[in-house]
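Heads up: the structure comes next, in structure tokens.
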Amino acid sequence: MRAKTARLTAGLTTIIAGALSFISAITPDAPWRREMLLSFEPGPAAGFAHLLAAVGGVGLVVLGWGIVRGRRRAARTAIVVLVILAALHLVKGLDYEESSVALALAVLLSANRRAFKRGGEPRAGLIAGTVAVGAVAMAYTVDVADLLMTERARGLGSALRMAADAMARGAWWFRSGEPVAIVLDLLLIVCLAAATVWLRALLRPVQARYGHTSEEHWRAADIVARHGADSLDAFALREDKAFHFSHGGFLAYRTLRETAVVAGDPVGPPGSGPAIASDFMEFASSRGWDVVFTGISPAQLPGLRSLGMRALCIGQEAVVQPDRFSLDGRPMRKVRQSVHRVQRRGWSVEVAEDVVPSGRLADEIHRIEQAWRAERKRVYGFAMCLGRLWGAPEDGRAVYVLGRDPAGDLQAFIRFVRCADGLSLDSMRRSGCEPNGLYEAMISSLLGWAAESQLGLVSLNFAGFAHVMWCDDVSSLTRRERALRAVLTRAHGRFQLERLASFNQKFKPDWRPRYLVYGSRTHLPLAALRVLQAEAYIRPPRGRALERRWQPLPHPVDAALRLPPPQASR
């Protein structure tokens, strides 16, 4: 908390100091101070100092925002800029007040430098800084060469002194149409533009690449197999996620611009979740990333809150216990009707565990999947969707519920992945010619099969904001929840929130809350945007794939396979 307060105080003070420097630079000097300066300082030097002070003020405002966010390089650069500005304020108009403020702020930033831990992207800043310095060096060289060639200087020593004096005073700045003066003006503009890029690079986080290597995938898959306890743990093995290994476990994430979106709970030995999350937050901070967790279970909330995070319930997961499921009774009347309707029309439902490569079933499933994806620009899902059908050994343990028409052709399927004590719904695909109620019949058959297989639970996946959208008594909602309901109702056609909650409710599940966990309150809007982009509801910013990243094979893989196939790493 002390570090956060120090960052906020120092950042806002830096922004104010930058604004003060800019205003001071563009306003006239006090007459008596200017007369005193002209008695021992050339007039062009004061004018050029005004220009540099204005540029420095703008730079301080930009750096101040980076200081608020804890950027280490922004704080270090601001200290240097403040010291330079302290000198410029004296040169431009004997403004000792602004100079004192700049020096005091530099001391403040230096004293609190340990509060700024967040890193950034070094390469772009290094190139831009090099260009800025190179432009200044080139301008100095051109001025020296011109002085020697025109014989206005007596020897190299005199040329070096005269060029340095001209550079300090800015004597050429838009004052002459001579070719050399124009070149010097252009080089100064290049220097200022490069300095702007350099400042931006100081505030930009490290650019991450999505995906993981083959070795990381097999390591993560082994941890999920040994320690996976949550119904969403299997989805951590999605190919576009990066992994952070720590304390015998890992978490899966993807970085979108300046925000790392962590999907689901950390996976590891019992009780290791907070330690894994804390280690990742330090890792993310060193790269300049904010962190948001999505799809977090209630079990992880105390540990994450102890790290200073906040939580917001973003929906509920429908979980059915197969041994308690039955089609009997009036509450299940609509589901029974769906099952009977499908049977009367000659459709059949079956459950399949093993999908072998190059088999008929694999070809049928692939046909439905390709037709489904061809009709959609993008497929939604990130935290609770694996994004593939097969291609890794762990995919071979998936369970498929198949819906066939009277002719025996596959027209729809539902895919479930294995979790610790049961199954978790991954994807639902259909051709479009199936009768109403087919999905209800398929899930009913799956629940019956799961009961016979003595599985502990079946997760019907996550219904976003089900506690808000699927609420009979609106008056029981808080003011914030009612406002959220109004907004989500307008987006109902896109997100289908109420429809999904109503469908899941047909099977009388237990509703388990899932949370969005974020840092400061001001970060919540951006965190929510990045989660929606990760889930593909909003087009995400462009990213770069990790070189030699793991990619699933285009066909089913034997579940008993232990070592990665040579083709898996590309």
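Each chain in the structure tokens gets a letter, A, B, ..., in the order shown, and its residues are numbered from 1; ligands are numbered from 1 in order too.
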
| request: Excluding Asp323 (chain A) and any residue of its chain fewer than 6 positions from it, enumerate the residues within 10 Å of it, using only C-alpha atoms, and give them as a list of chain:residue names. | output: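 Listed by chain and then number, they are A:Leu447, A:Gly448, A:Ala450, A:Ala451, A:Glu452, A:Ser453, A:Gln454, A:Leu455, A:Gly456, A:Leu457.
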
Please build the interface table for region 295-408 of chain A against region 267-283 of chain A with a cut-off of 10 Å, listing for each qualifying residue the nearest atom pair and the distance in Å to one decimal; count only C-alpha atoms, order rows by chain and increasing number, and write it as CSV.
```
residue,atom,partner,partner_atom,distance
A:Ala299,CA,A:Gly273,CA,9.5
A:Gln300,CA,A:Gly273,CA,6.9
A:Leu301,CA,A:Pro274,CA,9.1
A:Pro302,CA,A:Pro274,CA,8.6
A:Gly303,CA,A:Pro274,CA,4.9
A:Leu304,CA,A:Pro274,CA,6.1
A:Arg305,CA,A:Pro274,CA,9.2
A:Ser306,CA,A:Pro274,CA,8.4
A:Leu307,CA,A:Ser278,CA,6.9
```

| request: Tell me which of A:Arg360, A:Arg549, A:Arg367, A:Arg257 sits closest to Gln411 (chain A), counting only C-alpha atoms. | output: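 Among the listed residues, the smallest separation from Gln411 (chain A) belongs to A:Arg367.
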
| task | Find the residues around Gly519 (chain A) up to 8 Å (only C-alpha atoms counted), leave out those fewer than 6 positions away in its own chain, and share them as a ChimeraX atom specification. | result | /A:290-292,308-310

Would you write out those residues with N, CA, C and O atoms, as a compact mmCIF listing (two decimals), in the first residue's frame?
```
# COMPACT_ATOMS: atom_id res chain seq x y z
N ASP A 290 -0.25 -5.53 -16.51
CA ASP A 290 -1.29 -5.70 -15.52
C ASP A 290 -1.76 -7.15 -15.58
O ASP A 290 -1.56 -7.83 -16.59
N VAL A 291 -2.42 -7.61 -14.52
CA VAL A 291 -2.87 -9.00 -14.46
C VAL A 291 -4.35 -9.03 -14.12
O VAL A 291 -4.81 -8.32 -13.22
N VAL A 292 -5.10 -9.85 -14.85
CA VAL A 292 -6.50 -10.10 -14.53
C VAL A 292 -6.72 -11.61 -14.62
O VAL A 292 -6.22 -12.27 -15.53
N GLY A 308 -3.87 -8.45 -2.56
CA GLY A 308 -4.34 -7.11 -2.88
C GLY A 308 -5.27 -7.04 -4.07
O GLY A 308 -5.55 -5.94 -4.58
N MET A 309 -5.79 -8.19 -4.53
CA MET A 309 -6.67 -8.21 -5.69
C MET A 309 -8.13 -8.06 -5.26
O MET A 309 -8.48 -8.32 -4.10
N ARG A 310 -8.97 -7.64 -6.19
CA ARG A 310 -10.41 -7.51 -5.97
C ARG A 310 -11.13 -8.53 -6.83
O ARG A 310 -10.61 -8.96 -7.87
```

| request: In Å, rounded to a single decimal, give me how far CA of Phe413 (chain A) is from CA of Ile368 (chain A). | output: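 Separation between CA of Ile368 (chain A) and CA of Phe413 (chain A): 8.2 Å.
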
| query | Within 9 Å of Tyr210 (chain A), counting only C-alpha atoms, which residues qualify if same-chain residues fewer than 3 places away don't, as number ranges by chain? | reply | A: 239-242, 253-255, 543-546, 549

| task | Please provide the set of residues having any atom within 12 Å of Ile26 (chain A), restricted to only C-alpha atoms, with same-chain residues fewer than 3 positions apart removed, written as a PyMOL selection string. | result | chain A and resi 19-23+29+47-55+57-58+89+92-93

With all heavy atoms kept, could you save the residues just selected as a CSV table (one decimal), in the first residue's frame?
```csv
chain,number,residue,atom,x,y,z
A,19,ALA,N,3.5,20.1,-16.5
A,19,ALA,CA,2.5,21.2,-16.9
A,19,ALA,C,3.1,22.5,-16.5
A,19,ALA,O,3.0,23.5,-17.3
A,19,ALA,CB,1.2,20.9,-16.3
A,20,LEU,N,3.6,22.6,-15.3
A,20,LEU,CA,4.2,23.9,-14.9
A,20,LEU,C,5.4,24.3,-15.7
A,20,LEU,O,5.5,25.5,-16.1
A,20,LEU,CB,4.7,23.8,-13.4
A,20,LEU,CG,5.4,25.0,-12.8
A,20,LEU,CD1,4.4,26.2,-12.7
A,20,LEU,CD2,5.9,24.7,-11.4
A,21,SER,N,6.2,23.4,-16.1
A,21,SER,CA,7.4,23.7,-16.9
A,21,SER,C,6.9,24.1,-18.3
A,21,SER,O,7.5,25.1,-18.9
A,21,SER,CB,8.3,22.4,-17.1
A,21,SER,OG,9.3,22.7,-17.9
A,22,PHE,N,5.9,23.5,-18.9
A,22,PHE,CA,5.4,23.8,-20.2
A,22,PHE,C,4.8,25.3,-20.2
A,22,PHE,O,5.1,26.1,-21.1
A,22,PHE,CB,4.4,22.8,-20.7
A,22,PHE,CG,3.8,23.1,-22.0
A,22,PHE,CD1,4.5,22.8,-23.2
A,22,PHE,CD2,2.6,23.7,-22.2
A,22,PHE,CE1,4.0,23.1,-24.4
A,22,PHE,CE2,2.1,24.0,-23.4
A,22,PHE,CZ,2.8,23.7,-24.6
A,23,ILE,N,4.0,25.5,-19.2
A,23,ILE,CA,3.4,26.9,-19.1
A,23,ILE,C,4.4,28.0,-18.9
A,23,ILE,O,4.4,29.0,-19.5
A,23,ILE,CB,2.4,26.9,-17.9
A,23,ILE,CG1,1.2,26.0,-18.2
A,23,ILE,CG2,1.9,28.3,-17.7
A,23,ILE,CD1,0.2,25.8,-17.1
A,29,ASP,N,9.1,36.0,-20.1
A,29,ASP,CA,9.9,36.2,-18.8
A,29,ASP,C,9.5,37.5,-18.1
A,29,ASP,O,9.1,38.4,-18.7
A,29,ASP,CB,11.3,36.1,-19.2
A,29,ASP,CG,11.7,34.8,-19.8
A,29,ASP,OD1,11.1,33.8,-19.4
A,29,ASP,OD2,12.6,34.8,-20.7
A,47,GLY,N,16.1,31.9,-25.7
A,47,GLY,CA,15.0,31.4,-26.5
A,47,GLY,C,15.0,29.9,-26.8
A,47,GLY,O,14.0,29.2,-26.7
A,48,PHE,N,16.2,29.4,-27.0
A,48,PHE,CA,16.4,27.9,-27.2
A,48,PHE,C,16.1,27.2,-25.9
A,48,PHE,O,15.5,26.1,-26.0
A,48,PHE,CB,17.8,27.6,-27.7
A,48,PHE,CG,17.9,26.3,-28.3
A,48,PHE,CD1,17.1,25.9,-29.3
A,48,PHE,CD2,18.9,25.4,-27.8
A,48,PHE,CE1,17.3,24.6,-29.9
A,48,PHE,CE2,19.0,24.1,-28.3
A,48,PHE,CZ,18.2,23.7,-29.4
A,49,ALA,N,16.4,27.7,-24.8
A,49,ALA,CA,16.1,27.1,-23.5
A,49,ALA,C,14.6,27.0,-23.3
A,49,ALA,O,14.1,26.1,-22.7
A,49,ALA,CB,16.8,27.8,-22.4
A,50,HIS,N,13.9,28.1,-23.8
A,50,HIS,CA,12.4,28.0,-23.7
A,50,HIS,C,11.8,26.8,-24.5
A,50,HIS,O,10.9,26.1,-24.0
A,50,HIS,CB,11.8,29.3,-24.2
A,50,HIS,CG,11.7,30.4,-23.2
A,50,HIS,ND1,10.5,30.6,-22.4
A,50,HIS,CD2,12.5,31.4,-22.8
A,50,HIS,CE1,10.7,31.6,-21.6
A,50,HIS,NE2,11.9,32.1,-21.8
A,51,LEU,N,12.4,26.6,-25.7
A,51,LEU,CA,11.9,25.5,-26.5
A,51,LEU,C,12.2,24.2,-25.8
A,51,LEU,O,11.3,23.3,-25.7
A,51,LEU,CB,12.7,25.6,-27.9
A,51,LEU,CG,12.5,24.3,-28.8
A,51,LEU,CD1,11.0,24.2,-29.2
A,51,LEU,CD2,13.4,24.4,-30.0
A,52,LEU,N,13.4,24.0,-25.3
A,52,LEU,CA,13.8,22.7,-24.7
A,52,LEU,C,12.9,22.5,-23.4
A,52,LEU,O,12.5,21.4,-23.1
A,52,LEU,CB,15.2,22.7,-24.4
A,52,LEU,CG,16.2,22.7,-25.6
A,52,LEU,CD1,17.6,22.7,-25.1
A,52,LEU,CD2,15.9,21.6,-26.5
A,53,ALA,N,12.7,23.6,-22.7
A,53,ALA,CA,11.9,23.5,-21.4
A,53,ALA,C,10.4,23.0,-21.8
A,53,ALA,O,9.8,22.3,-21.0
A,53,ALA,CB,11.9,24.8,-20.7
A,54,ALA,N,9.9,23.6,-22.9
A,54,ALA,CA,8.5,23.2,-23.3
A,54,ALA,C,8.5,21.7,-23.7
A,54,ALA,O,7.6,21.0,-23.3
A,54,ALA,CB,8.1,24.0,-24.4
A,55,VAL,N,9.5,21.3,-24.4
A,55,VAL,CA,9.6,19.8,-24.8
A,55,VAL,C,9.7,19.0,-23.6
A,55,VAL,O,9.1,17.9,-23.4
A,55,VAL,CB,10.7,19.6,-25.8
A,55,VAL,CG1,10.9,18.1,-26.0
A,55,VAL,CG2,10.5,20.4,-27.1
A,57,GLY,N,8.7,19.7,-20.5
A,57,GLY,CA,7.5,19.6,-19.8
A,57,GLY,C,6.5,18.6,-20.3
A,57,GLY,O,5.9,17.9,-19.6
A,58,VAL,N,6.4,18.6,-21.7
A,58,VAL,CA,5.5,17.6,-22.3
A,58,VAL,C,6.0,16.2,-22.0
A,58,VAL,O,5.2,15.3,-21.6
A,58,VAL,CB,5.4,17.8,-23.8
A,58,VAL,CG1,4.6,16.7,-24.5
A,58,VAL,CG2,4.8,19.1,-24.1
A,89,HIS,N,15.5,26.0,-16.6
A,89,HIS,CA,14.7,27.1,-16.0
A,89,HIS,C,15.5,28.3,-15.6
A,89,HIS,O,15.1,29.5,-15.7
A,89,HIS,CB,13.9,26.6,-14.8
A,89,HIS,CG,12.7,25.7,-15.2
A,89,HIS,ND1,11.7,26.2,-16.1
A,89,HIS,CD2,12.3,24.5,-14.8
A,89,HIS,CE1,10.8,25.2,-16.2
A,89,HIS,NE2,11.2,24.2,-15.4
A,92,LYS,N,16.7,30.0,-19.1
A,92,LYS,CA,15.7,30.6,-19.9
A,92,LYS,C,15.1,31.9,-19.3
A,92,LYS,O,14.6,32.7,-20.0
A,92,LYS,CB,14.5,29.7,-20.3
A,92,LYS,CG,13.6,29.4,-19.1
A,92,LYS,CD,12.5,28.4,-19.5
A,92,LYS,CE,11.6,28.1,-18.4
A,92,LYS,NZ,10.9,29.2,-17.8
A,93,GLY,N,15.2,32.1,-18.0
A,93,GLY,CA,14.6,33.3,-17.4
A,93,GLY,C,14.9,33.4,-15.9
A,93,GLY,O,14.1,34.1,-15.2
```

| task | Identify which of the residues A:Leu82, A:Val183, A:Ala392, A:Ile314 lies closest to Ala221 (chain A), counting only C-alpha atoms when measuring atom-to-atom distances. | result |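 Nearest candidate to Ala221 (chain A) out of A:Leu82, A:Val183, A:Ala392, A:Ile314: A:Ala392.
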
| query | Separation of CA of Met428 (chain A) and CA of Asp354 (chain A), in Å? | reply |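 Distance between the two atoms: 17.8 Å.
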
| In Å, how far is it from CA of Ala371 (chain A) to CA of Leu410 (chain A)? |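 Going from CA of Ala371 (chain A) over to CA of Leu410 (chain A), I get 12.6 Å.
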
| query | Between A:Gly56, A:Gly329, A:Gly396, A:Gly403, which is the closest to Ala78 (chain A) once you count only C-alpha atoms? | reply | A:Gly56
